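Engineer: Just so it is clear, I am handing over query-v4.txt, which has compact mmCIF, C-alpha atoms and all ligand atoms.
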```txt
# COMPACT_ATOMS: atom_id res chain seq x y z
CA MET A 1272 -28.67 12.42 41.37
CA THR A 1273 -31.80 14.29 42.04
CA VAL A 1274 -33.12 14.19 45.58
CA GLY A 1275 -33.56 10.45 46.29
CA THR A 1276 -31.66 8.92 43.33
CA PRO A 1277 -28.19 7.27 43.52
CA LEU A 1278 -25.20 9.54 44.10
CA SER A 1279 -22.26 9.53 41.70
CA TYR A 1280 -18.77 10.69 42.58
CA SER A 1281 -19.09 13.88 40.53
CA SER A 1282 -22.46 14.67 42.09
CA PHE A 1283 -20.94 14.13 45.56
CA ARG A 1284 -18.00 16.41 44.75
CA THR A 1285 -20.20 19.11 43.25
CA TYR A 1286 -22.43 19.24 46.35
CA ALA A 1287 -19.41 19.17 48.68
CA GLU A 1288 -17.97 22.19 46.83
CA CYS A 1289 -21.18 24.18 46.50
CA PRO A 1290 -24.70 22.92 47.28
CA LEU A 1291 -26.32 25.69 45.22
CA ARG A 1292 -24.32 24.78 42.13
CA TRP A 1293 -25.43 21.16 42.70
CA LYS A 1294 -29.07 22.32 42.73
CA PHE A 1295 -28.63 24.27 39.49
CA LEU A 1296 -27.18 21.16 37.84
CA TYR A 1297 -29.13 18.25 39.31
CA VAL A 1298 -32.51 19.71 40.30
CA ASP A 1299 -33.02 22.62 37.91
CA ARG A 1300 -31.05 20.75 35.23
CA LEU A 1301 -29.53 23.93 33.82
CA PRO A 1302 -27.12 23.25 30.97
CA GLU A 1303 -23.44 24.09 31.32
CA THR A 1304 -21.38 25.72 28.61
CA PRO A 1305 -19.58 22.94 26.68
CA ARG A 1306 -15.82 23.04 27.20
CA GLY A 1307 -13.27 21.73 24.76
CA TYR A 1308 -11.19 19.82 27.31
CA PHE A 1309 -14.26 17.86 28.46
CA THR A 1310 -15.12 16.98 24.86
CA PHE A 1311 -11.50 15.95 24.33
CA GLY A 1312 -11.56 13.65 27.39
CA ARG A 1313 -14.83 12.07 26.25
CA VAL A 1314 -13.52 11.35 22.75
CA VAL A 1315 -10.25 9.79 23.99
CA HIS A 1316 -12.18 7.64 26.48
CA SER A 1317 -14.54 6.38 23.78
CA VAL A 1318 -11.65 5.38 21.46
CA LEU A 1319 -9.90 3.57 24.32
CA GLU A 1320 -13.14 1.73 25.03
CA GLU A 1321 -13.28 0.58 21.41
CA LEU A 1322 -9.65 -0.51 21.55
CA VAL A 1323 -9.95 -2.53 24.75
CA ARG A 1324 -13.47 -3.99 24.46
CA PRO A 1325 -12.46 -6.94 22.15
CA LEU A 1326 -10.19 -8.24 24.95
CA LEU A 1327 -13.04 -8.48 27.42
CA THR A 1328 -13.57 -11.67 29.46
CA PRO A 1329 -16.37 -11.24 31.99
CA GLY A 1330 -15.70 -11.35 35.72
CA ALA A 1331 -17.76 -13.24 38.27
CA ARG A 1332 -20.74 -11.27 39.56
CA ARG A 1333 -22.37 -11.06 42.93
CA LEU A 1334 -26.08 -11.87 42.86
CA ALA A 1335 -28.60 -9.63 44.63
CA SER A 1336 -28.63 -12.28 47.39
CA GLY A 1337 -24.90 -11.65 47.89
CA GLU A 1338 -23.95 -15.04 46.40
CA ALA A 1339 -21.52 -15.50 43.52
CA GLN A 1340 -22.97 -15.95 40.07
CA ARG A 1341 -19.80 -17.68 38.81
CA THR A 1342 -16.48 -18.10 40.54
CA LEU A 1343 -13.07 -17.55 39.09
CA ASP A 1344 -12.49 -21.34 39.20
CA ASP A 1345 -15.63 -21.81 37.09
CA TRP A 1346 -14.20 -19.50 34.49
CA HIS A 1347 -10.88 -21.30 34.51
CA ALA A 1348 -12.60 -24.68 34.35
CA GLY A 1349 -14.83 -24.00 31.38
CA GLY A 1350 -15.39 -20.32 30.89
CA PRO A 1351 -13.49 -17.77 28.93
CA SER A 1352 -9.77 -17.40 29.47
CA PRO A 1353 -7.90 -14.14 28.79
CA SER A 1354 -8.77 -13.09 25.27
CA THR A 1355 -6.40 -13.66 22.38
CA ALA A 1356 -8.52 -11.50 20.05
CA LEU A 1357 -6.53 -9.34 17.66
CA PRO A 1358 -6.78 -5.69 18.58
CA MET A 1359 -7.62 -3.05 16.00
CA THR A 1360 -4.83 -1.92 13.73
CA ARG A 1361 -3.14 1.46 13.99
CA GLU A 1362 -5.15 2.68 10.99
CA GLU A 1363 -8.41 1.46 12.53
CA LEU A 1364 -7.52 3.27 15.75
CA LEU A 1365 -6.97 6.55 13.89
CA ALA A 1366 -10.17 6.04 11.91
CA ALA A 1367 -12.07 5.47 15.18
CA TYR A 1368 -10.56 8.68 16.53
CA ASP A 1369 -11.59 10.69 13.46
CA HIS A 1370 -15.06 9.21 13.63
CA ALA A 1371 -15.47 10.02 17.35
CA TRP A 1372 -14.06 13.55 17.09
CA SER A 1373 -16.37 16.40 18.10
CA SER A 1374 -15.76 20.15 17.77
CA GLU A 1375 -18.01 20.98 20.71
CA GLY A 1376 -16.75 23.54 23.21
CA TYR A 1377 -13.46 24.65 21.65
CA THR A 1378 -12.91 28.39 21.75
CA SER A 1379 -11.13 28.60 18.37
CA PRO A 1380 -10.12 26.39 15.42
CA GLU A 1381 -6.51 26.68 16.66
CA GLU A 1382 -7.43 25.33 20.09
CA GLU A 1383 -9.38 22.47 18.52
CA GLU A 1384 -6.46 21.59 16.26
CA ARG A 1385 -4.04 21.60 19.23
CA TYR A 1386 -6.26 19.17 21.14
CA ARG A 1387 -6.83 17.02 18.08
CA THR A 1388 -3.08 16.63 17.53
CA LEU A 1389 -2.52 15.95 21.23
CA GLY A 1390 -5.21 13.24 21.20
CA ARG A 1391 -3.79 11.53 18.10
CA ASP A 1392 -0.29 11.54 19.58
CA LEU A 1393 -1.46 10.32 22.95
CA LEU A 1394 -3.56 7.48 21.49
CA LEU A 1395 -0.75 6.30 19.19
CA ARG A 1396 1.72 6.17 22.06
CA TYR A 1397 -0.82 4.37 24.23
CA TYR A 1398 -1.44 1.91 21.36
CA GLN A 1399 2.28 0.99 21.20
CA ARG A 1400 2.30 0.31 24.94
CA PHE A 1401 -0.98 -1.60 24.66
CA LEU A 1402 0.45 -4.01 22.05
CA SER A 1403 3.28 -5.08 24.34
CA GLU A 1404 1.35 -4.98 27.64
CA ARG A 1405 -2.15 -6.19 26.80
CA PRO A 1406 -4.54 -5.75 29.71
CA HIS A 1407 -6.98 -8.47 30.82
CA PRO A 1408 -10.18 -6.48 31.22
CA VAL A 1409 -13.30 -7.95 32.80
CA ALA A 1410 -15.24 -4.74 32.13
CA VAL A 1411 -14.92 -1.48 30.20
CA GLU A 1412 -17.08 1.64 30.65
CA GLU A 1413 -19.08 -0.33 33.17
CA HIS A 1414 -22.08 1.23 34.93
CA LEU A 1415 -22.35 -0.09 38.49
CA GLU A 1416 -24.81 0.62 41.27
CA ALA A 1417 -24.71 -0.31 44.93
CA ARG A 1418 -26.18 0.47 48.33
CA TRP A 1419 -23.27 1.52 50.51
CA ASP A 1420 -24.52 0.86 54.03
CA GLY A 1421 -27.87 2.34 53.09
CA ILE A 1422 -26.61 5.01 50.68
CA PRO A 1423 -27.43 4.43 46.99
CA ILE A 1424 -24.39 5.17 44.80
CA HIS A 1425 -23.47 4.59 41.17
CA GLY A 1426 -20.65 5.24 38.72
CA TYR A 1427 -19.20 4.51 35.29
CA ILE A 1428 -15.83 2.77 35.55
CA ASP A 1429 -13.37 3.09 32.67
CA ARG A 1430 -11.86 -0.35 33.05
CA ILE A 1431 -11.69 -3.26 35.47
CA ASP A 1432 -8.75 -5.63 34.89
CA ARG A 1433 -8.03 -9.06 36.24
CA THR A 1434 -4.75 -9.15 38.17
CA PRO A 1435 -2.34 -12.12 37.84
CA ASP A 1436 -3.42 -13.42 41.28
CA GLY A 1437 -7.11 -13.51 40.29
CA GLY A 1438 -8.17 -10.23 41.86
CA LEU A 1439 -9.44 -7.04 40.23
CA GLU A 1440 -7.79 -3.75 39.45
CA ILE A 1441 -9.81 -0.59 38.86
CA VAL A 1442 -8.38 1.67 36.15
CA ASP A 1443 -9.45 5.26 35.58
CA TYR A 1444 -7.92 7.11 32.60
CA LYS A 1445 -6.92 10.74 33.05
CA THR A 1446 -6.21 13.12 30.19
CA SER A 1447 -5.22 16.00 32.51
CA ARG A 1448 -1.91 17.80 32.09
CA GLU A 1449 -0.49 16.75 35.48
CA LEU A 1450 -1.09 13.74 37.70
CA SER A 1451 0.88 12.34 40.62
CA GLY A 1452 0.93 9.33 42.92
CA ASP A 1453 -0.65 11.52 45.60
CA ASP A 1454 -3.66 12.03 43.34
CA ALA A 1455 -4.19 8.25 43.27
CA ARG A 1456 -3.65 7.94 47.03
CA ASP A 1457 -6.13 10.73 47.81
CA SER A 1458 -8.71 10.07 45.09
CA GLU A 1459 -12.21 9.81 46.58
CA GLN A 1460 -13.38 8.78 43.12
CA LEU A 1461 -11.25 5.60 43.28
CA SER A 1462 -12.54 4.90 46.81
CA ILE A 1463 -16.15 5.07 45.62
CA TYR A 1464 -15.29 2.85 42.63
CA GLN A 1465 -13.75 0.32 45.00
CA VAL A 1466 -17.03 0.14 46.93
CA LEU A 1467 -18.98 -0.24 43.68
CA VAL A 1468 -16.74 -3.05 42.39
CA GLU A 1469 -16.64 -4.87 45.73
CA SER A 1470 -20.44 -4.77 45.85
CA ASN A 1471 -20.88 -6.12 42.31
CA TYR A 1472 -18.02 -8.59 41.81
CA THR A 1473 -17.01 -11.66 43.75
CA GLU A 1474 -13.26 -11.25 43.23
CA PRO A 1475 -11.44 -8.96 45.64
CA VAL A 1476 -10.15 -5.54 44.55
CA LYS A 1477 -6.36 -5.73 44.59
CA GLY A 1478 -5.40 -2.37 43.11
CA LEU A 1479 -6.59 1.12 42.19
CA THR A 1480 -5.01 2.95 39.27
CA LEU A 1481 -5.19 6.43 37.85
CA TYR A 1482 -3.70 6.07 34.37
CA HIS A 1483 -2.04 9.29 33.20
CA LEU A 1484 -2.40 9.10 29.43
CA ARG A 1485 -0.09 11.99 28.54
CA SER A 1486 2.89 10.32 30.21
CA LEU A 1487 1.66 6.68 29.91
CA THR A 1488 2.09 6.38 33.67
CA PRO A 1489 -0.17 4.13 35.74
CA HIS A 1490 -0.30 5.53 39.31
CA ARG A 1491 -1.20 2.32 41.11
CA VAL A 1492 -2.10 2.13 44.82
CA PRO A 1493 -3.44 -0.66 47.06
CA PRO A 1494 -7.17 -0.76 47.85
CA ARG A 1495 -8.38 1.49 50.64
CA PRO A 1496 -8.55 0.03 54.13
CA ARG A 1497 -11.95 -0.18 55.88
CA GLU A 1498 -11.27 2.85 58.12
CA ALA A 1499 -10.57 5.12 55.13
CA LEU A 1500 -13.77 3.96 53.45
CA GLY A 1501 -15.66 4.52 56.72
CA ALA A 1502 -14.49 8.14 56.90
CA LEU A 1503 -15.54 8.72 53.28
CA HIS A 1504 -18.90 7.03 53.94
CA ASN A 1505 -19.52 9.62 56.68
CA ARG A 1506 -18.77 12.48 54.26
CA VAL A 1507 -20.99 10.96 51.58
CA GLY A 1508 -23.72 10.52 54.23
CA THR A 1509 -23.46 14.21 55.15
CA VAL A 1510 -23.90 15.17 51.49
CA VAL A 1511 -26.91 12.85 51.09
CA ASN A 1512 -28.52 14.28 54.23
CA GLY A 1513 -27.96 17.80 52.89
CA ILE A 1514 -29.57 16.89 49.58
CA ARG A 1515 -32.53 15.22 51.30
CA ALA A 1516 -33.00 18.29 53.52
CA GLU A 1517 -32.82 20.44 50.36
CA ALA A 1518 -30.03 22.52 51.92
CA PHE A 1519 -28.73 24.45 48.91
CA GLU A 1520 -26.70 27.34 50.28
CA PRO A 1521 -24.10 28.91 47.98
CA THR A 1522 -20.52 28.23 49.10
CA PRO A 1523 -18.23 30.58 47.19
CA GLY A 1524 -14.69 29.42 46.51
CA ARG A 1525 -12.27 28.64 43.71
CA GLN A 1526 -15.00 26.67 41.92
CA CYS A 1527 -16.88 29.93 41.21
CA GLY A 1528 -14.31 30.67 38.48
CA ARG A 1529 -15.62 27.74 36.40
CA CYS A 1530 -19.27 28.00 37.47
CA ASP A 1531 -21.71 28.91 34.68
CA PHE A 1532 -24.38 30.11 37.10
CA GLN A 1533 -22.91 33.31 38.54
CA SER A 1534 -25.73 35.36 37.01
CA ARG A 1535 -28.25 33.36 39.10
CA CYS A 1536 -26.17 33.12 42.26
CA PRO A 1537 -26.93 35.48 45.19
CA GLU A 1538 -23.19 35.63 45.93
CA PHE A 1539 -22.69 37.38 42.59
CA ARG A 1540 -25.84 39.49 42.51
CA ALA A 1541 -25.00 42.79 40.80
CA VAL A 1542 -25.30 46.18 42.55
CA PRO A 1543 -28.22 48.27 41.17
CA SER A 1544 -26.81 50.48 38.44
CA THR A 1545 -28.14 53.66 40.18
CA ASP A 1546 -25.80 53.03 43.13
CA GLY A 1547 -22.96 51.56 41.11
CA THR A 1548 -20.70 54.64 40.98
CA ARG A 1549 -21.12 55.62 44.66
CA LEU A 1550 -20.49 52.06 45.88
CA GLY A 1551 -17.59 51.62 43.46
CA GLU A 1552 -15.90 54.68 45.00
CA LEU A 1553 -16.51 53.26 48.46
CA VAL A 1554 -14.79 50.02 47.46
CA ASP A 1555 -11.82 51.94 46.03
CA ARG A 1556 -11.54 53.93 49.27
CA PHE A 1557 -11.72 50.73 51.32
CA ASP A 1558 -9.02 49.16 49.16
CA ALA A 1559 -6.75 52.23 49.56
CA LEU A 1560 -7.24 52.26 53.36
CA ARG A 1561 -6.46 48.55 53.59
CA ASN A 1562 -3.24 49.26 51.74
CA GLN A 1563 -2.31 52.08 54.11
CA GLU A 1564 -3.14 49.83 57.04
CA ARG A 1565 -0.68 47.22 55.75
CA VAL A 1566 2.07 49.82 55.25
CA LEU A 1567 1.48 51.38 58.68
CA SER A 1568 1.43 48.12 60.56
CA GLU A 1569 4.75 47.12 58.97
CA GLU A 1570 6.23 50.52 59.91
CA LEU A 1571 4.87 50.17 63.45
CA ARG A 1572 6.48 46.75 63.80
CA GLN A 1573 9.86 47.98 62.58
CA THR A 1574 9.77 51.03 64.95
CA ALA A 1575 8.90 48.82 67.94
CA ASP A 1576 11.78 46.46 67.03
CA GLU A 1577 14.17 49.40 66.92
CA LEU A 1578 12.97 50.68 70.28
CA HIS A 1579 13.38 47.17 71.68
CA ARG A 1580 16.98 46.96 70.49
CA ALA A 1581 17.72 50.36 72.08
CA ALA A 1582 16.05 49.27 75.36
CA GLU A 1583 18.23 46.12 75.42
CA GLN A 1584 21.38 48.13 74.67
CA PHE A 1585 20.82 50.70 77.44
CA GLY A 1586 19.03 48.39 79.89
CA VAL A 1587 15.97 50.69 80.11
CA HIS A 1588 12.22 50.18 79.94
CA ARG A 1589 11.09 53.83 79.57
CA ILE A 1590 12.06 55.98 76.59
CA PRO A 1591 10.69 59.54 76.53
CA GLY A 1592 9.55 61.28 73.33
CA SER A 1593 8.39 64.90 72.92
CA ARG A 1594 4.69 64.14 73.56
CA SER A 1595 4.68 60.83 75.37
CA VAL A 1596 6.82 58.16 77.03
CA ALA A 1597 7.21 54.69 75.49
CA LEU A 1598 6.97 51.95 78.15
CA ARG A 1599 8.32 48.46 77.52
CA ARG A 1600 6.13 45.70 79.00
CA ARG A 1601 6.89 42.04 79.45
CA GLU A 1602 4.46 39.16 79.10
CA GLU A 1603 5.46 35.67 80.15
CA THR A 1604 3.68 32.48 79.10
CA TRP A 1605 4.43 28.81 79.79
CA GLN A 1606 3.88 25.80 77.55
CA TYR A 1607 3.78 22.22 78.87
CA PRO A 1608 3.93 19.26 76.45
CA ALA A 1609 0.60 17.44 76.87
CA GLU A 1610 2.11 13.94 76.50
CA THR A 1611 4.74 14.49 79.23
CA VAL A 1612 2.24 16.06 81.62
CA ARG A 1613 -0.23 13.21 81.12
CA SER A 1614 2.39 10.52 81.75
CA LEU A 1615 3.81 12.30 84.86
CA LEU A 1616 0.33 12.65 86.37
CA ASN A 1617 -0.59 9.06 85.44
CA GLU A 1618 2.58 7.84 87.13
CA ALA A 1619 1.64 9.74 90.30
CA GLY A 1620 -1.99 8.48 90.14
CA LEU A 1621 -3.23 12.04 89.60
CA SER A 1622 -4.55 11.73 86.04
CA GLU A 1623 -7.88 13.26 87.12
CA ARG A 1624 -6.00 16.47 87.99
CA ALA A 1625 -4.82 16.97 84.41
CA GLY A 1626 -8.06 18.70 83.36
CA GLN A 1627 -7.67 20.00 79.80
CA GLY A 1628 -3.89 20.23 80.35
CA SER A 1629 -3.95 24.02 79.91
CA PRO A 1630 -0.91 26.01 81.16
CA GLU A 1631 -3.13 27.64 83.86
CA GLU A 1632 -4.17 24.24 85.21
CA ILE A 1633 -0.55 23.05 85.32
CA ARG A 1634 0.56 26.28 87.06
CA ARG A 1635 -2.19 25.67 89.67
CA LEU A 1636 -0.78 22.19 90.31
CA LEU A 1637 2.71 23.64 90.67
CA ARG A 1638 1.48 26.02 93.39
CA ASP A 1639 -0.47 23.32 95.23
CA PRO A 1640 1.48 22.27 98.39
CA GLY A 1641 -0.67 19.11 98.50
CA VAL A 1642 1.08 17.83 95.34
CA ASN A 1643 4.28 15.87 95.86
CA ALA A 1644 7.34 18.19 95.64
CA GLU A 1645 9.25 15.85 93.29
CA LEU A 1646 6.30 15.71 90.90
CA ARG A 1647 6.04 19.50 90.95
CA ARG A 1648 9.75 19.78 90.17
CA ARG A 1649 9.47 17.41 87.19
CA LEU A 1650 6.36 19.17 85.91
CA ALA A 1651 8.08 22.54 86.21
CA GLU A 1652 11.12 21.24 84.33
CA SER A 1653 8.96 20.00 81.46
CA GLY A 1654 7.65 23.51 80.83
CA ALA A 1655 9.07 26.01 78.35
CA ARG A 1656 8.85 29.75 79.08
CA ARG A 1657 8.07 32.25 76.36
CA VAL A 1658 8.65 35.96 76.90
CA LYS A 1659 6.98 38.56 74.74
CA TRP A 1660 7.86 42.27 74.88
CA TYR A 1661 5.47 44.99 73.81
CA TRP A 1662 5.24 48.77 74.02
CA GLU A 1663 2.64 51.13 75.47
CA LEU A 1664 2.51 54.91 75.42
CA GLU A 1665 2.12 57.04 78.51
CA GLY A 1666 0.82 60.57 78.07
CA GLY A 1667 0.11 60.18 74.34
CA SER A 1668 -3.26 59.65 72.68
CA GLU A 1669 -2.66 56.02 71.64
CA SER A 1670 -0.86 52.85 72.76
CA GLY A 1671 1.58 51.03 70.49
CA GLY A 1672 2.31 47.25 70.33
CA GLY A 1673 5.49 45.45 69.29
S1 LIG B 1701 -21.01 31.09 41.62
FE1 LIG B 1701 -19.92 30.01 43.25
S2 LIG B 1701 -21.24 30.19 45.04
FE2 LIG B 1701 -22.50 30.67 43.24
S3 LIG B 1701 -23.43 28.74 42.66
FE3 LIG B 1701 -21.58 28.94 41.46
S4 LIG B 1701 -20.03 27.85 42.67
FE4 LIG B 1701 -21.74 28.26 44.02
```
Mind turning the file's structure into structure tokens?
Structural biologist:
Amino acid sequence: MTVGTPLSYSSFRTYAECPLRWKFLYVDRLPETPRGYFTFGRVVHSVLEELVRPLLTPGARRLASGEAQRTLDDWHAGGPSPSTALPMTREELLAAYDHAWSSEGYTSPEEEERYRTLGRDLLLRYYQRFLSERPHPVAVEEHLEARWDGIPIHGYIDRIDRTPDGGLEIVDYKTSRELSGDDARDSEQLSIYQVLVESNYTEPVKGLTLYHLRSLTPHRVPPRPREALGALHNRVGTVVNGIRAEAFEPTPGRQCGRCDFQSRCPEFRAVPSTDGTRLGELVDRFDALRNQERVLSEELRQTADELHRAAEQFGVHRIPGSRSVALRRREETWQYPAETVRSLLNEAGLSERAGQGSPEEIRRLLRDPGVNAELRRRLAESGARRVKWYWELEGGSESGGG
């Protein structure tokens, strides 16, 4: 997406992570360094597309007017039924893989060979599963566009299957090392795909699946409820507003490690070489002091704990040293559970007295003779007291905490 064109999931995620990186990619159109694992994913996806495409029977589409182009009953009455086409043979599958293979982005011949073997193994195992559990796809590698309550979005969907009850299931293949059910539950990509499919097809979406190819595991979850889609729509809207306002601030984070644009990013601007040595020494000094600070604060905490144990043992609050006297101080705070306080005050018709429910406000109520004594007793009982001890120095140059 450039400013004003439809937003894809990856564009949304890129902007959400770092608006400046988004600008480098989508406005300046700077190329990224090819990476072997992306090439690998692309090749596996294209072979799977070739494998599944012969089984395709189209699904009913929504017209621009919102009406159905064909209904599922129409298809059953006279249209295509689930395909009985013969899939490609094992040899054809391997030939398709060899044909699609690309060496782009691998860092060494050994790395390329490792991926190539992994892909062959993964496709052959998938093929075995595919022969016994043939999917009923209505679309493969489908490009869909939609206006999501005013926001233009688009995406390429790996596969859309028909479910036994006549609905649709969205399938996204993953070649990543790890994948869990939580990934499917939390996937914003699947949520956006659901919106795209619901806007373009007449049949309801019945399931969302991330298919983990390395373990042949489909992580299948129900479609998102309206509220979840509403919350995501707000986040997508924020991104679109940012893009339209051309707000492209760098947001450094973990993504910087795989960002190809560090040399252009103000966050990574290099120190002038003339000042490099002096500033480098300053950083080393800062690092050493931070270390000392950590060691000292741990030592300070342990000393205060030891003093506290001695004070408890001897029942004292003042312990003299050679240059100063350590004084033990007590600080008391009260916590009141918000739910209990609210229901007690509601019961007594005093909900307007709850304020923000802060401990100070509750303590004020407890001191107020105008408040019913029984209510004050119950409020007081609901509270939990916390006592904190700390140390100060008298006569020395500093104070110490504990
Ligand atoms: S280096 Fe980090 S902060 Fe800079 S553009 Fe890349 S992702 Fe953003």
Engineer: Given only C-alpha atoms and all ligand atoms as the basis, pick out the residue of A:Trp1662, A:Phe1309, A:Tyr1607, A:Tyr1286 nearest to ligand LIG 1701 (chain B).
Structural biologist: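 Once distances to ligand LIG 1701 (chain B) are computed over only C-alpha atoms and all ligand atoms, the minimum belongs to A:Tyr1286.
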Engineer: Can you tell me which residues come within 12 Å of ligand LIG 1701 (chain B) when counting all atoms listed in the file, ideally as a PyMOL selection string?
Structural biologist: chain A and resi 1284-1296+1301+1303+1519-1540
Engineer: Using only C-alpha atoms, find each residue of stretch 1484-1539 of chain A with at least one atom at most 9 Å away from an atom of stretch 1437-1443 of chain A; report its shortest atom-to-atom pair and that distance in Å (one decimal), sort the rows by chain and rising residue number, and return the result as a Markdown table.
Structural biologist:
```
| residue | atom | partner | partner_atom | distance |
| --- | --- | --- | --- | --- |
| A:Pro1489 | CA | A:Val1442 | CA | 8.6 |
| A:Arg1491 | CA | A:Val1442 | CA | 8.8 |
| A:Pro1494 | CA | A:Glu1440 | CA | 8.9 |
```
Engineer: Could the residues in this selection be written to a file with C-alpha atoms, as a compact mmCIF listing (two decimals), in the frame of the given file?
Structural biologist:
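Written out: selection12.txt:
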```txt
# COMPACT_ATOMS: atom_id res chain seq x y z
CA PRO A 1489 -0.17 4.13 35.74
CA ARG A 1491 -1.20 2.32 41.11
CA PRO A 1494 -7.17 -0.76 47.85
```
Engineer: Would you mind listing what lies within 9 Å of stretch 1625-1638 of chain A as a VMD selection string, with only C-alpha atoms counted and same-chain residues fewer than 2 positions away left out?
Structural biologist: chain A and resid 1604 to 1609 1612 to 1613 1616 1621 to 1623 1640 to 1642 1644 1646 to 1648 1650 to 1651 1654
Engineer: Using only C-alpha atoms, which of the listed residues (A:Glu1404, A:Asp1429, A:Glu1474, A:Glu1569) sits closest to A:His1316?
Structural biologist: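 Among the listed residues, the smallest separation from A:His1316 belongs to A:Asp1429.
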Engineer: Which distance in Å separates atom CA of A:Ala1455 and atom CA of A:Leu1481, to one decimal?
Structural biologist: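 Between atom CA of A:Ala1455 and atom CA of A:Leu1481 the gap is 5.8 Å.
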Engineer: Ranking A:Asn1643, A:Thr1360, A:Ser1373, A:Thr1545 by minimum distance to A:Ser1317 and counting only C-alpha atoms, which one comes first?
Structural biologist: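 Nearest to A:Ser1317: A:Ser1373.
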Engineer: To one decimal place in Å, what is the distance between atom CA of A:His1483 and atom CA of A:Ser1447?
Structural biologist: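 Those two atoms sit 7.5 Å apart.
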Engineer: What does the distance from atom CA of A:Glu1517 to atom CA of A:Pro1423 come to in Å, to one decimal?
Structural biologist: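 Interatomic distance, atom CA of A:Glu1517 to atom CA of A:Pro1423: 17.2 Å.
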Engineer: Any idea what's packed within 12 Å of A:Ile1422, counting all atoms listed in the file, ignoring anything in its chain fewer than 5 positions away? Could you give it as a PDB file with C-alpha atoms, in the coordinates of the input?
Structural biologist:
```pdb
ATOM      1  CA  GLY A1275     -33.560  10.450  46.290  1.00  0.00           C
ATOM      2  CA  THR A1276     -31.660   8.920  43.330  1.00  0.00           C
ATOM      3  CA  PRO A1277     -28.190   7.270  43.520  1.00  0.00           C
ATOM      4  CA  LEU A1278     -25.200   9.540  44.100  1.00  0.00           C
ATOM      5  CA  SER A1279     -22.260   9.530  41.700  1.00  0.00           C
ATOM      6  CA  PHE A1283     -20.940  14.130  45.560  1.00  0.00           C
ATOM      7  CA  GLU A1416     -24.810   0.620  41.270  1.00  0.00           C
ATOM      8  CA  ALA A1417     -24.710  -0.310  44.930  1.00  0.00           C
ATOM      9  CA  ILE A1463     -16.150   5.070  45.620  1.00  0.00           C
ATOM     10  CA  VAL A1466     -17.030   0.140  46.930  1.00  0.00           C
ATOM     11  CA  LEU A1467     -18.980  -0.240  43.680  1.00  0.00           C
ATOM     12  CA  LEU A1503     -15.540   8.720  53.280  1.00  0.00           C
ATOM     13  CA  HIS A1504     -18.900   7.030  53.940  1.00  0.00           C
ATOM     14  CA  ASN A1505     -19.520   9.620  56.680  1.00  0.00           C
ATOM     15  CA  ARG A1506     -18.770  12.480  54.260  1.00  0.00           C
ATOM     16  CA  VAL A1507     -20.990  10.960  51.580  1.00  0.00           C
ATOM     17  CA  GLY A1508     -23.720  10.520  54.230  1.00  0.00           C
ATOM     18  CA  THR A1509     -23.460  14.210  55.150  1.00  0.00           C
ATOM     19  CA  VAL A1510     -23.900  15.170  51.490  1.00  0.00           C
ATOM     20  CA  VAL A1511     -26.910  12.850  51.090  1.00  0.00           C
ATOM     21  CA  ASN A1512     -28.520  14.280  54.230  1.00  0.00           C
ATOM     22  CA  ARG A1515     -32.530  15.220  51.300  1.00  0.00           C
TER      23      ARG A1515
END
```
Engineer: Using all atoms of stretch 1314-1320 of chain A listed in the file and a margin of 5 Å per side, can you give the axis-aligned box centre and edge lengths in Å to one decimal, as lines of an AutoDock Vina configuration file?
Structural biologist:
```
center_x = -12.2
center_y = 6.5
center_z = 24.0
size_x = 14.6
size_y = 19.6
size_z = 15.0
```
Engineer: Applying 10 Å and all atoms listed in the file, which residues near A:Trp1660 remain after dropping the ones on its own chain fewer than 2 positions away? List them as a VMD selection string.
Structural biologist: chain A and resid 1575 to 1576 1579 1599 to 1603 1658 1662 1672 to 1673
Engineer: Of the residues A:Asp1639, A:Glu1570, A:Asp1546, A:Glu1665, which is the one nearest to A:Leu1598, using all atoms listed in the file?
Structural biologist: A:Glu1665
Engineer: Can you work out which one of A:Gly1501, A:Pro1358, A:Pro1543, A:Pro1475 has the shortest atom-to-atom distance to A:Trp1419, counting only C-alpha atoms?
Structural biologist: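 Among the listed residues, the smallest separation from A:Trp1419 belongs to A:Gly1501.
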Engineer: Given only C-alpha atoms as the basis, pick out the residue of A:Glu1383, A:Asp1432, A:Glu1375, A:Glu1469 nearest to A:Arg1333.
Structural biologist: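 Of A:Glu1383, A:Asp1432, A:Glu1375, A:Glu1469, the one nearest A:Arg1333, counting only C-alpha atoms, is A:Glu1469.
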